[in-house]
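Enquirer: Sharing coords19.cif, mmCIF, C-alpha atoms:
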data_upload
loop_
_atom_site.group_PDB
_atom_site.id
_atom_site.type_symbol
_atom_site.label_atom_id
_atom_site.label_comp_id
_atom_site.auth_asym_id
_atom_site.auth_seq_id
_atom_site.Cartn_x
_atom_site.Cartn_y
_atom_site.Cartn_z
ATOM 1 C CA MET A 1 23.235 24.612 -2.828
ATOM 2 C CA LEU A 2 22.528 20.884 -2.534
ATOM 3 C CA ASP A 3 25.120 18.471 -3.880
ATOM 4 C CA GLN A 4 24.038 16.407 -6.870
ATOM 5 C CA MET A 5 23.949 13.066 -5.048
ATOM 6 C CA THR A 6 21.821 14.441 -2.194
ATOM 7 C CA LEU A 7 19.459 16.048 -4.679
ATOM 8 C CA ASN A 8 19.084 12.845 -6.733
ATOM 9 C CA ASP A 9 18.503 10.807 -3.558
ATOM 10 C CA THR A 10 15.916 13.333 -2.346
ATOM 11 C CA VAL A 11 13.970 13.065 -5.606
ATOM 12 C CA LEU A 12 14.201 9.257 -5.639
ATOM 13 C CA ASP A 13 13.188 8.880 -1.976
ATOM 14 C CA ALA A 14 10.223 11.224 -2.478
ATOM 15 C CA ALA A 15 9.122 9.282 -5.569
ATOM 16 C CA ARG A 16 9.430 5.970 -3.724
ATOM 17 C CA GLU A 17 7.321 7.250 -0.829
ATOM 18 C CA VAL A 18 4.499 8.281 -3.168
ATOM 19 C CA PHE A 19 4.585 5.219 -5.443
ATOM 20 C CA GLU A 20 4.871 2.687 -2.642
ATOM 21 C CA THR A 21 2.206 4.298 -0.413
ATOM 22 C CA MET A 22 -0.506 5.209 -2.910
ATOM 23 C CA ILE A 23 0.229 3.528 -6.234
ATOM 24 C CA TYR A 24 1.548 0.180 -5.008
ATOM 25 C CA MET A 25 4.498 0.159 -7.424
ATOM 26 C CA ASP A 26 8.220 -0.219 -6.725
ATOM 27 C CA VAL A 27 10.603 2.448 -8.011
ATOM 28 C CA GLU A 28 14.064 1.141 -8.876
ATOM 29 C CA THR A 29 17.030 2.686 -10.643
ATOM 30 C CA ASN A 30 19.200 0.409 -12.747
ATOM 31 C CA ASN A 31 22.422 1.771 -14.196
ATOM 32 C CA GLU A 32 22.909 -1.204 -16.506
ATOM 33 C CA ALA A 33 19.656 -0.766 -18.399
ATOM 34 C CA SER A 34 18.613 2.855 -18.600
ATOM 35 C CA PRO A 35 14.831 3.173 -18.934
ATOM 36 C CA VAL A 36 13.595 4.934 -22.069
ATOM 37 C CA ILE A 37 10.097 6.395 -22.483
ATOM 38 C CA GLU A 38 8.902 5.712 -26.018
ATOM 39 C CA GLY A 39 5.850 6.777 -28.005
ATOM 40 C CA GLN A 40 2.977 8.870 -26.701
ATOM 41 C CA SER A 41 3.736 10.071 -23.194
ATOM 42 C CA LEU A 42 2.404 12.310 -20.416
ATOM 43 C CA LEU A 43 4.375 14.889 -18.472
ATOM 44 C CA GLY A 44 2.931 16.087 -15.179
ATOM 45 C CA SER A 45 4.632 19.184 -13.836
ATOM 46 C CA ILE A 46 4.398 21.567 -10.940
ATOM 47 C CA THR A 47 6.268 24.837 -10.492
ATOM 48 C CA PHE A 48 7.502 26.323 -7.242
ATOM 49 C CA LYS A 49 8.872 29.612 -5.925
ATOM 50 C CA GLY A 50 10.302 30.978 -2.687
ATOM 51 C CA CYS A 51 13.804 30.048 -1.429
ATOM 52 C CA LEU A 52 14.030 27.962 -4.606
ATOM 53 C CA GLU A 53 12.262 28.520 -7.917
ATOM 54 C CA GLY A 54 11.840 25.869 -10.545
ATOM 55 C CA CYS A 55 9.813 22.913 -11.702
ATOM 56 C CA LEU A 56 9.321 19.240 -10.852
ATOM 57 C CA ALA A 57 8.106 16.944 -13.636
ATOM 58 C CA VAL A 58 7.134 13.297 -13.881
ATOM 59 C CA CYS A 59 7.178 11.746 -17.365
ATOM 60 C CA VAL A 60 5.680 8.342 -18.241
ATOM 61 C CA SER A 61 4.328 6.562 -21.312
ATOM 62 C CA GLN A 62 0.588 6.555 -21.987
ATOM 63 C CA SER A 63 0.289 2.885 -20.956
ATOM 64 C CA CYS A 64 2.242 3.505 -17.744
ATOM 65 C CA ALA A 65 0.080 6.543 -16.933
ATOM 66 C CA GLU A 66 -3.036 4.387 -17.308
ATOM 67 C CA ARG A 67 -1.565 1.750 -15.018
ATOM 68 C CA ILE A 68 -0.732 4.408 -12.411
ATOM 69 C CA ALA A 69 -4.263 5.862 -12.604
ATOM 70 C CA LYS A 70 -5.889 2.408 -12.303
ATOM 71 C CA ASN A 71 -3.736 1.524 -9.303
ATOM 72 C CA MET A 72 -4.561 4.832 -7.608
ATOM 73 C CA LEU A 73 -8.277 4.377 -8.262
ATOM 74 C CA GLY A 74 -8.351 0.673 -7.403
ATOM 75 C CA MET A 75 -9.523 -0.322 -10.880
ATOM 76 C CA GLU A 76 -8.983 -3.679 -12.595
ATOM 77 C CA PRO A 77 -6.538 -3.748 -15.567
ATOM 78 C CA GLU A 78 -9.359 -4.509 -18.029
ATOM 79 C CA GLU A 79 -11.543 -1.595 -16.887
ATOM 80 C CA SER A 80 -11.623 1.454 -19.145
ATOM 81 C CA LEU A 81 -10.379 4.826 -18.003
ATOM 82 C CA ALA A 82 -11.256 8.359 -19.167
ATOM 83 C CA ILE A 83 -8.335 10.420 -20.503
ATOM 84 C CA ASP A 84 -9.130 13.098 -17.892
ATOM 85 C CA GLU A 85 -8.672 10.552 -15.112
ATOM 86 C CA THR A 86 -5.291 9.502 -16.498
ATOM 87 C CA CYS A 87 -4.091 13.119 -16.791
ATOM 88 C CA ASP A 88 -5.456 13.969 -13.352
ATOM 89 C CA ALA A 89 -3.633 11.005 -11.806
ATOM 90 C CA VAL A 90 -0.287 12.003 -13.365
ATOM 91 C CA GLY A 91 -0.791 15.572 -12.129
ATOM 92 C CA GLU A 92 -1.503 14.289 -8.626
ATOM 93 C CA VAL A 93 1.660 12.168 -8.720
ATOM 94 C CA ALA A 94 3.683 15.297 -9.591
ATOM 95 C CA ASN A 95 1.899 17.185 -6.797
ATOM 96 C CA MET A 96 2.613 14.512 -4.176
ATOM 97 C CA VAL A 97 6.241 13.936 -5.226
ATOM 98 C CA MET A 98 6.831 17.692 -5.057
ATOM 99 C CA GLY A 99 5.157 17.809 -1.623
ATOM 100 C CA SER A 100 7.447 15.065 -0.378
ATOM 101 C CA ILE A 101 10.546 16.793 -1.819
ATOM 102 C CA LYS A 102 9.453 20.028 -0.165
ATOM 103 C CA THR A 103 9.133 18.281 3.205
ATOM 104 C CA ARG A 104 12.629 16.778 2.808
ATOM 105 C CA LEU A 105 14.151 20.173 1.906
ATOM 106 C CA GLN A 106 12.325 22.117 4.612
ATOM 107 C CA GLY A 107 15.367 22.381 6.911
ATOM 108 C CA THR A 108 17.505 24.003 4.193
ATOM 109 C CA TYR A 109 14.806 25.812 2.240
ATOM 110 C CA PRO A 110 11.900 26.598 4.597
ATOM 111 C CA THR A 111 9.829 28.649 2.172
ATOM 112 C CA ILE A 112 8.793 26.907 -1.016
ATOM 113 C CA GLU A 113 5.379 27.707 -2.462
ATOM 114 C CA VAL A 114 4.011 25.283 -5.060
ATOM 115 C CA SER A 115 1.548 25.825 -7.911
ATOM 116 C CA ILE A 116 -1.352 23.643 -9.050
ATOM 117 C CA PRO A 117 -0.076 20.782 -11.275
ATOM 118 C CA SER A 118 -0.531 20.670 -15.037
ATOM 119 C CA VAL A 119 -0.236 17.791 -17.491
ATOM 120 C CA ILE A 120 0.692 17.736 -21.186
ATOM 121 C CA THR A 121 0.738 14.856 -23.641
ATOM 122 C CA GLY A 122 3.010 14.323 -26.640
ATOM 123 C CA ARG A 123 6.240 12.656 -27.697
ATOM 124 C CA GLU A 124 9.805 13.185 -26.430
ATOM 125 C CA LEU A 125 8.607 15.587 -23.713
ATOM 126 C CA ARG A 126 11.243 17.448 -21.704
ATOM 127 C CA ASN A 127 11.257 19.650 -18.609
ATOM 128 C CA THR A 128 13.551 22.688 -19.069
ATOM 129 C CA LEU A 129 14.490 25.781 -17.058
ATOM 130 C CA GLY A 130 17.385 27.403 -18.945
ATOM 131 C CA ASP A 131 21.134 26.766 -18.820
ATOM 132 C CA LYS A 132 21.732 28.078 -15.291
ATOM 133 C CA ALA A 133 19.294 25.718 -13.589
ATOM 134 C CA VAL A 134 20.483 22.962 -11.262
ATOM 135 C CA LYS A 135 19.120 19.645 -12.538
ATOM 136 C CA ALA A 136 18.348 16.330 -10.910
ATOM 137 C CA VAL A 137 17.038 13.890 -13.496
ATOM 138 C CA VAL A 138 16.231 10.425 -12.148
ATOM 139 C CA SER A 139 15.295 7.690 -14.629
ATOM 140 C CA ALA A 140 13.815 4.623 -13.001
ATOM 141 C CA TRP A 141 11.736 1.488 -13.515
ATOM 142 C CA LEU A 142 8.278 1.023 -12.049
ATOM 143 C CA ASP A 143 7.772 -2.618 -11.003
ATOM 144 C CA GLU A 144 10.744 -3.491 -13.294
ATOM 145 C CA GLN A 145 8.479 -2.944 -16.309
ATOM 146 C CA GLU A 146 7.652 0.655 -17.041
ATOM 147 C CA ALA A 147 10.052 3.572 -17.496
ATOM 148 C CA VAL A 148 9.554 6.781 -15.523
ATOM 149 C CA GLU A 149 11.593 9.984 -15.402
ATOM 150 C CA PHE A 150 11.556 12.489 -12.549
ATOM 151 C CA SER A 151 13.204 15.843 -13.273
ATOM 152 C CA PHE A 152 13.697 18.467 -10.569
ATOM 153 C CA LEU A 153 15.096 21.728 -11.939
ATOM 154 C CA TYR A 154 15.716 24.793 -9.826
ATOM 155 C CA ARG A 155 17.513 28.058 -9.261
ATOM 156 C CA GLU A 156 18.146 29.549 -5.823
ATOM 157 C CA ALA A 157 16.156 32.757 -5.480
ATOM 158 C CA LYS A 158 18.155 36.007 -5.286
ATOM 159 C CA HIS A 159 17.825 37.808 -1.942
ATOM 160 C CA MET B 1 -25.191 7.002 14.391
ATOM 161 C CA ALA B 2 -24.249 7.215 10.701
ATOM 162 C CA LYS B 3 -22.191 10.217 9.671
ATOM 163 C CA SER B 4 -22.008 12.299 6.526
ATOM 164 C CA LEU B 5 -18.826 13.281 4.692
ATOM 165 C CA MET B 6 -17.710 15.902 2.165
ATOM 166 C CA ILE B 7 -14.514 15.653 0.085
ATOM 167 C CA VAL B 8 -13.170 19.005 -1.167
ATOM 168 C CA ASP B 9 -10.420 18.782 -3.793
ATOM 169 C CA ASP B 10 -9.990 20.355 -7.239
ATOM 170 C CA SER B 11 -8.917 17.004 -8.665
ATOM 171 C CA ALA B 12 -11.875 14.693 -9.370
ATOM 172 C CA THR B 13 -9.441 11.773 -9.419
ATOM 173 C CA MET B 14 -8.090 12.673 -5.977
ATOM 174 C CA ARG B 15 -11.668 12.882 -4.652
ATOM 175 C CA LYS B 16 -12.256 9.319 -5.907
ATOM 176 C CA ILE B 17 -8.962 8.174 -4.358
ATOM 177 C CA ILE B 18 -9.934 9.699 -1.005
ATOM 178 C CA ILE B 19 -13.395 8.080 -1.117
ATOM 179 C CA ARG B 20 -11.753 4.726 -1.863
ATOM 180 C CA THR B 21 -9.167 5.159 0.897
ATOM 181 C CA VAL B 22 -11.860 6.087 3.432
ATOM 182 C CA ARG B 23 -13.754 2.904 2.459
ATOM 183 C CA MET B 24 -10.544 0.875 2.830
ATOM 184 C CA SER B 25 -10.098 2.355 6.309
ATOM 185 C CA GLY B 26 -13.303 0.592 7.379
ATOM 186 C CA LEU B 27 -15.145 3.810 8.252
ATOM 187 C CA GLU B 28 -18.707 4.077 6.955
ATOM 188 C CA PHE B 29 -20.674 7.164 5.990
ATOM 189 C CA ASP B 30 -24.347 7.264 5.013
ATOM 190 C CA ARG B 31 -23.813 10.220 2.658
ATOM 191 C CA THR B 32 -20.742 11.478 0.782
ATOM 192 C CA GLU B 33 -20.699 14.850 -0.985
ATOM 193 C CA GLU B 34 -17.992 16.285 -3.243
ATOM 194 C CA ALA B 35 -16.850 19.827 -4.053
ATOM 195 C CA GLY B 36 -14.135 21.124 -6.390
ATOM 196 C CA ASN B 37 -13.016 24.119 -4.314
ATOM 197 C CA GLY B 38 -13.670 25.979 -1.080
ATOM 198 C CA LYS B 39 -16.365 28.230 -2.533
ATOM 199 C CA GLU B 40 -18.373 25.304 -3.915
ATOM 200 C CA ALA B 41 -17.955 23.476 -0.598
ATOM 201 C CA LEU B 42 -19.369 26.415 1.396
ATOM 202 C CA GLU B 43 -22.364 26.679 -0.937
ATOM 203 C CA LYS B 44 -23.111 22.962 -0.571
ATOM 204 C CA LEU B 45 -22.581 23.028 3.201
ATOM 205 C CA GLN B 46 -25.124 25.834 3.584
ATOM 206 C CA GLU B 47 -27.675 23.798 1.615
ATOM 207 C CA SER B 48 -26.899 20.511 3.309
ATOM 208 C CA PRO B 49 -24.386 20.408 6.209
ATOM 209 C CA VAL B 50 -22.217 17.333 6.839
ATOM 210 C CA ASP B 51 -20.468 15.972 9.932
ATOM 211 C CA ILE B 52 -16.937 15.706 8.536
ATOM 212 C CA VAL B 53 -15.151 17.594 5.729
ATOM 213 C CA LEU B 54 -11.888 16.358 4.189
ATOM 214 C CA CYS B 55 -10.385 19.410 2.507
ATOM 215 C CA ASP B 56 -7.378 20.030 0.228
ATOM 216 C CA ILE B 57 -5.423 23.290 0.656
ATOM 217 C CA ASN B 58 -4.124 24.325 -2.784
ATOM 218 C CA MET B 59 -7.254 24.857 -4.880
ATOM 219 C CA PRO B 60 -8.370 27.501 -7.395
ATOM 220 C CA GLU B 61 -11.214 29.963 -6.587
ATOM 221 C CA MET B 62 -10.994 29.449 -2.819
ATOM 222 C CA SER B 63 -8.198 27.602 -0.989
ATOM 223 C CA GLY B 64 -8.746 25.187 1.877
ATOM 224 C CA THR B 65 -7.300 27.635 4.425
ATOM 225 C CA GLU B 66 -9.748 30.349 3.331
ATOM 226 C CA MET B 67 -12.591 27.823 3.374
ATOM 227 C CA VAL B 68 -11.901 26.903 7.010
ATOM 228 C CA LYS B 69 -12.005 30.569 8.064
ATOM 229 C CA GLU B 70 -15.275 31.179 6.196
ATOM 230 C CA ALA B 71 -16.867 27.925 7.388
ATOM 231 C CA ARG B 72 -16.276 28.844 11.030
ATOM 232 C CA LYS B 73 -18.344 32.010 10.532
ATOM 233 C CA LEU B 74 -21.369 29.939 9.446
ATOM 234 C CA ASP B 75 -23.885 28.559 11.958
ATOM 235 C CA CYS B 76 -24.373 25.443 9.827
ATOM 236 C CA CYS B 77 -20.672 24.557 10.171
ATOM 237 C CA LYS B 78 -20.148 25.214 13.879
ATOM 238 C CA GLU B 79 -20.125 21.491 14.703
ATOM 239 C CA THR B 80 -18.569 20.277 11.435
ATOM 240 C CA LYS B 81 -15.184 18.623 11.816
ATOM 241 C CA ILE B 82 -12.776 19.807 9.128
ATOM 242 C CA ILE B 83 -9.692 17.697 8.393
ATOM 243 C CA MET B 84 -7.163 19.114 5.958
ATOM 244 C CA VAL B 85 -5.672 16.672 3.396
ATOM 245 C CA SER B 86 -2.667 18.156 1.637
ATOM 246 C CA THR B 87 0.888 17.709 0.390
ATOM 247 C CA GLU B 88 1.771 20.812 2.426
ATOM 248 C CA SER B 89 3.606 19.821 5.603
ATOM 249 C CA ALA B 90 5.135 23.065 6.911
ATOM 250 C CA GLU B 91 4.517 23.251 10.662
ATOM 251 C CA GLU B 92 3.699 26.951 10.430
ATOM 252 C CA LEU B 93 0.972 26.312 7.869
ATOM 253 C CA ILE B 94 -0.472 23.399 9.827
ATOM 254 C CA SER B 95 -0.571 25.318 13.120
ATOM 255 C CA GLY B 96 -2.076 28.297 11.287
ATOM 256 C CA VAL B 97 -4.944 26.354 9.760
ATOM 257 C CA MET B 98 -5.577 24.515 13.038
ATOM 258 C CA ALA B 99 -5.771 27.907 14.800
ATOM 259 C CA ASP B 100 -8.260 29.040 12.143
ATOM 260 C CA GLY B 101 -10.570 26.167 13.048
ATOM 261 C CA ALA B 102 -9.428 22.942 11.347
ATOM 262 C CA ASN B 103 -9.755 19.830 13.513
ATOM 263 C CA GLY B 104 -7.011 17.690 11.995
ATOM 264 C CA TYR B 105 -4.412 17.322 9.289
ATOM 265 C CA ILE B 106 -3.481 14.449 6.960
ATOM 266 C CA THR B 107 -0.506 14.746 4.605
ATOM 267 C CA LYS B 108 -0.409 13.188 1.136
ATOM 268 C CA PRO B 109 0.649 10.505 0.353
ATOM 269 C CA PHE B 110 -1.726 8.840 2.829
ATOM 270 C CA THR B 111 -2.823 5.350 3.831
ATOM 271 C CA PRO B 112 -6.209 3.943 4.980
ATOM 272 C CA GLU B 113 -4.675 3.589 8.464
ATOM 273 C CA LYS B 114 -3.979 7.324 8.561
ATOM 274 C CA PHE B 115 -7.638 8.107 7.766
ATOM 275 C CA GLN B 116 -8.786 5.658 10.411
ATOM 276 C CA GLU B 117 -6.513 7.258 13.009
ATOM 277 C CA LYS B 118 -7.560 10.832 12.226
ATOM 278 C CA LEU B 119 -11.309 10.277 11.630
ATOM 279 C CA THR B 120 -12.218 7.693 14.277
ATOM 280 C CA PRO B 121 -12.265 10.263 17.150
ATOM 281 C CA PHE B 122 -15.029 12.131 15.276
ATOM 282 C CA MET B 123 -17.179 9.103 14.436
ATOM 283 C CA ASN B 124 -18.992 8.811 17.783
#
As structure tokens, what does this structure read like?
Expert:
Amino acid sequence: MLDQMTLNDTVLDAAREVFETMIYMDVETNNEASPVIEGQSLLGSITFKGCLEGCLAVCVSQSCAERIAKNMLGMEPEESLAIDETCDAVGEVANMVMGSIKTRLQGTYPTIEVSIPSVITGRELRNTLGDKAVKAVVSAWLDEQEAVEFSFLYREAKH
Amino acid sequence: MAKSLMIVDDSATMRKIIIRTVRMSGLEFDRTEEAGNGKEALEKLQESPVDIVLCDINMPEMSGTEMVKEARKLDCCKETKIIMVSTESAEELISGVMADGANGYITKPFTPEKFQEKLTPFMN
């Protein structure tokens, strides 16, 4: 089993790789001011099975999701965006962060099979996997402005 | 000579992102087609073949790995260059799909430079 610090760093490093390469946003944690996602939000999630089974989720506010989608698509801030495009972008972020985590864990857990991402909208959204799951929940700031939460929950598969 | 391109991905947003990234790489195509899964891609390729296909792996209906195998059975796709674009990075999977007939592999997240590096050899 991975220790908590390694797991948190793995999730954060994977998120940074995706956000800095394709979304052009910095991901920073700040212990003094914990980011809080308020109001309508989107949760993109992707499940996985194999050596590990669980779920990776990315949660952001509606406005942050739109900013992510516009950055990914190269759109200007004033341009309008379809809701499908926003949801699709958040799902792709979850997909790419999970892919990066999978690559980083490959030495320890060589077989992890991922699903197709899904996205839900609502308020106070949470990613859960029961009491026995190992959890890495990383709250961070995007460009020091927008709150984002990455939650990686898993159980080691029984052999 | 101008080349034609097909983007195969179940996410319409990701297809747009790939088109944008290819443009940013400086590579130019005279025609760009899109398909939402491997099955749709094969149907479109039989109607109108392209020079280069950029193909995701995890898709509903027909995955990218299955699409490569099926495409290599078709006369219209014998010369088509197929580059996989995926979050999957397991060496076993990559070597498997290359053995099945893919011509290259790009992992997500990607940059315009990565597209330029992987596609330029097939542009002449």
Enquirer: Write out as a Markdown table a residue-level contact list of chain B versus chain A with cut-off 10 Å: for each qualifying residue the closest pair of atoms and the distance in Å to one decimal, counting only C-alpha atoms, rows sorted by chain and residue number upward.
Expert:
| residue | atom | partner | partner_atom | distance |
| --- | --- | --- | --- | --- |
| B:Asp10 | CA | A:Ile116 | CA | 9.4 |
| B:Ser11 | CA | A:Asp88 | CA | 6.6 |
| B:Ala12 | CA | A:Asp88 | CA | 7.6 |
| B:Thr13 | CA | A:Glu85 | CA | 5.9 |
| B:Met14 | CA | A:Glu92 | CA | 7.3 |
| B:Arg15 | CA | A:Leu73 | CA | 9.8 |
| B:Lys16 | CA | A:Leu73 | CA | 6.8 |
| B:Ile17 | CA | A:Leu73 | CA | 5.5 |
| B:Ile18 | CA | A:Leu73 | CA | 9.2 |
| B:Ile19 | CA | A:Leu73 | CA | 9.5 |
| B:Arg20 | CA | A:Leu73 | CA | 7.3 |
| B:Thr21 | CA | A:Leu73 | CA | 9.2 |
| B:Asn58 | CA | A:Ile116 | CA | 6.9 |
| B:Met59 | CA | A:Ile116 | CA | 7.3 |
| B:Pro60 | CA | A:Ile116 | CA | 8.2 |
| B:Ser86 | CA | A:Gly99 | CA | 8.5 |
| B:Thr87 | CA | A:Gly99 | CA | 4.7 |
| B:Glu88 | CA | A:Gly99 | CA | 6.1 |
| B:Ser89 | CA | A:Thr103 | CA | 6.2 |
| B:Ala90 | CA | A:Thr103 | CA | 7.3 |
| B:Glu91 | CA | A:Gln106 | CA | 9.9 |
| B:Thr107 | CA | A:Gly99 | CA | 9.0 |
| B:Lys108 | CA | A:Met96 | CA | 6.3 |
| B:Pro109 | CA | A:Val18 | CA | 5.7 |
| B:Phe110 | CA | A:Thr21 | CA | 6.8 |
| B:Thr111 | CA | A:Thr21 | CA | 6.7 |
| B:Pro112 | CA | A:Met22 | CA | 9.8 |
Enquirer: With all atoms listed in the file as the counted atoms, please give the residues lying no more than 9 Å from B:Val68, apart from itself and same-chain residues fewer than 4 positions off, as number ranges by chain.
Expert: B: 38, 55, 63-64, 72-73, 82, 97, 100-102
Enquirer: Can you pull out the residues contacting stretch 147-150 of chain A? Cut-off 7 Å, using only C-alpha atoms, and skip same-chain residues under 5 positions away; I want them as a list in words.
Expert: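 So, after excluding close chain neighbours, the residues are Pro35, Val36, Ile37, Ala57, Val58, Cys59, Val60, Val137, Val138, Ser139, Ala140, Trp141 and Leu142 of chain A.
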Enquirer: Selection from above, C-alpha atoms, as a compact mmCIF listing (two decimals), keeping the file's coordinate frame, can you write it?
Expert:
# COMPACT_ATOMS: atom_id res chain seq x y z
CA PRO A 35 14.83 3.17 -18.93
CA VAL A 36 13.60 4.93 -22.07
CA ILE A 37 10.10 6.40 -22.48
CA ALA A 57 8.11 16.94 -13.64
CA VAL A 58 7.13 13.30 -13.88
CA CYS A 59 7.18 11.75 -17.36
CA VAL A 60 5.68 8.34 -18.24
CA VAL A 137 17.04 13.89 -13.50
CA VAL A 138 16.23 10.42 -12.15
CA SER A 139 15.30 7.69 -14.63
CA ALA A 140 13.82 4.62 -13.00
CA TRP A 141 11.74 1.49 -13.52
CA LEU A 142 8.28 1.02 -12.05
Enquirer: To one decimal in Å, tell me the separation between atom CA of A:Glu53 and atom CA of A:Arg16.
Expert: 23.1 Å
Enquirer: Hey, can you check how far atom CA of B:Ile52 sits from atom CA of B:Asp9?
Expert: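 Value for the atom CA of B:Ile52-atom CA of B:Asp9 distance: 14.3 Å.
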Enquirer: Could you jot down the atom CA of A:Ser118 to atom CA of A:Ser45 separation for me, Å, one decimal place?
Expert: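 Here the two named atoms are 5.5 Å from each other.
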Enquirer: So which residues get picked by the PyMOL selection byres ((chain A and resi 121) around 7) here, written as a list in words?
Expert: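 Selected by the PyMOL selection byres ((chain A and resi 121) around 7) in this file: Ser41, Leu42, Leu43, Val119, Ile120 and Gly122 of chain A.
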Enquirer: Can you pull out the residues contacting A:Thr6? Cut-off 12 Å, using only C-alpha atoms, and skip same-chain residues under 4 positions away; I want them as a list in words.
Expert: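 The contact residues come out as Met1, Leu2, Thr10, Val11, Leu12, Asp13, Ile101, Arg104, Leu105, Lys135 and Ala136 of chain A.
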Enquirer: Could you write out that same residue set with C-alpha atoms as a compact mmCIF listing (two decimals), in the frame of the given file?
Expert:
# COMPACT_ATOMS: atom_id res chain seq x y z
CA MET A 1 23.24 24.61 -2.83
CA LEU A 2 22.53 20.88 -2.53
CA THR A 10 15.92 13.33 -2.35
CA VAL A 11 13.97 13.06 -5.61
CA LEU A 12 14.20 9.26 -5.64
CA ASP A 13 13.19 8.88 -1.98
CA ILE A 101 10.55 16.79 -1.82
CA ARG A 104 12.63 16.78 2.81
CA LEU A 105 14.15 20.17 1.91
CA LYS A 135 19.12 19.64 -12.54
CA ALA A 136 18.35 16.33 -10.91
Enquirer: Taking all atoms listed in the file into account, name the residue in B:Lys69, B:Val8, B:Phe122, B:Thr32 that is nearest to B:Val85.
Expert: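 The closest residue to B:Val85 is B:Val8.
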Enquirer: Using all atoms listed in the file, which residues sit within 10 Å of B:Glu33 once same-chain residues fewer than 3 positions away are excluded, as a PyMOL selection string?
Expert: chain B and resi 4-8+15+19+41+44-45+48-50+53
Enquirer: Please write as a list in words the full residue list that the PyMOL selection byres ((chain B and resi 28) around 12) yields on this file.
Expert: Met1, Ala2, Lys3, Ser4, Leu5, Ile19, Arg20, Thr21, Val22, Arg23, Met24, Ser25, Gly26, Leu27, Phe29, Asp30, Arg31, Thr32, Ile52, Phe115, Gln116, Leu119, Thr120, Met123 and Asn124 of chain B
Enquirer: If you take every atom of stretch 110-113 of chain A that the file lists and fit an axis-aligned box around them with 5 Å extra on each side, what centre and edge lengths come out in Å to one decimal, as lines of an AutoDock Vina configuration file?
Expert:
center_x = 8.6
center_y = 27.6
center_z = 1.1
size_x = 16.5
size_y = 12.1
size_z = 17.1
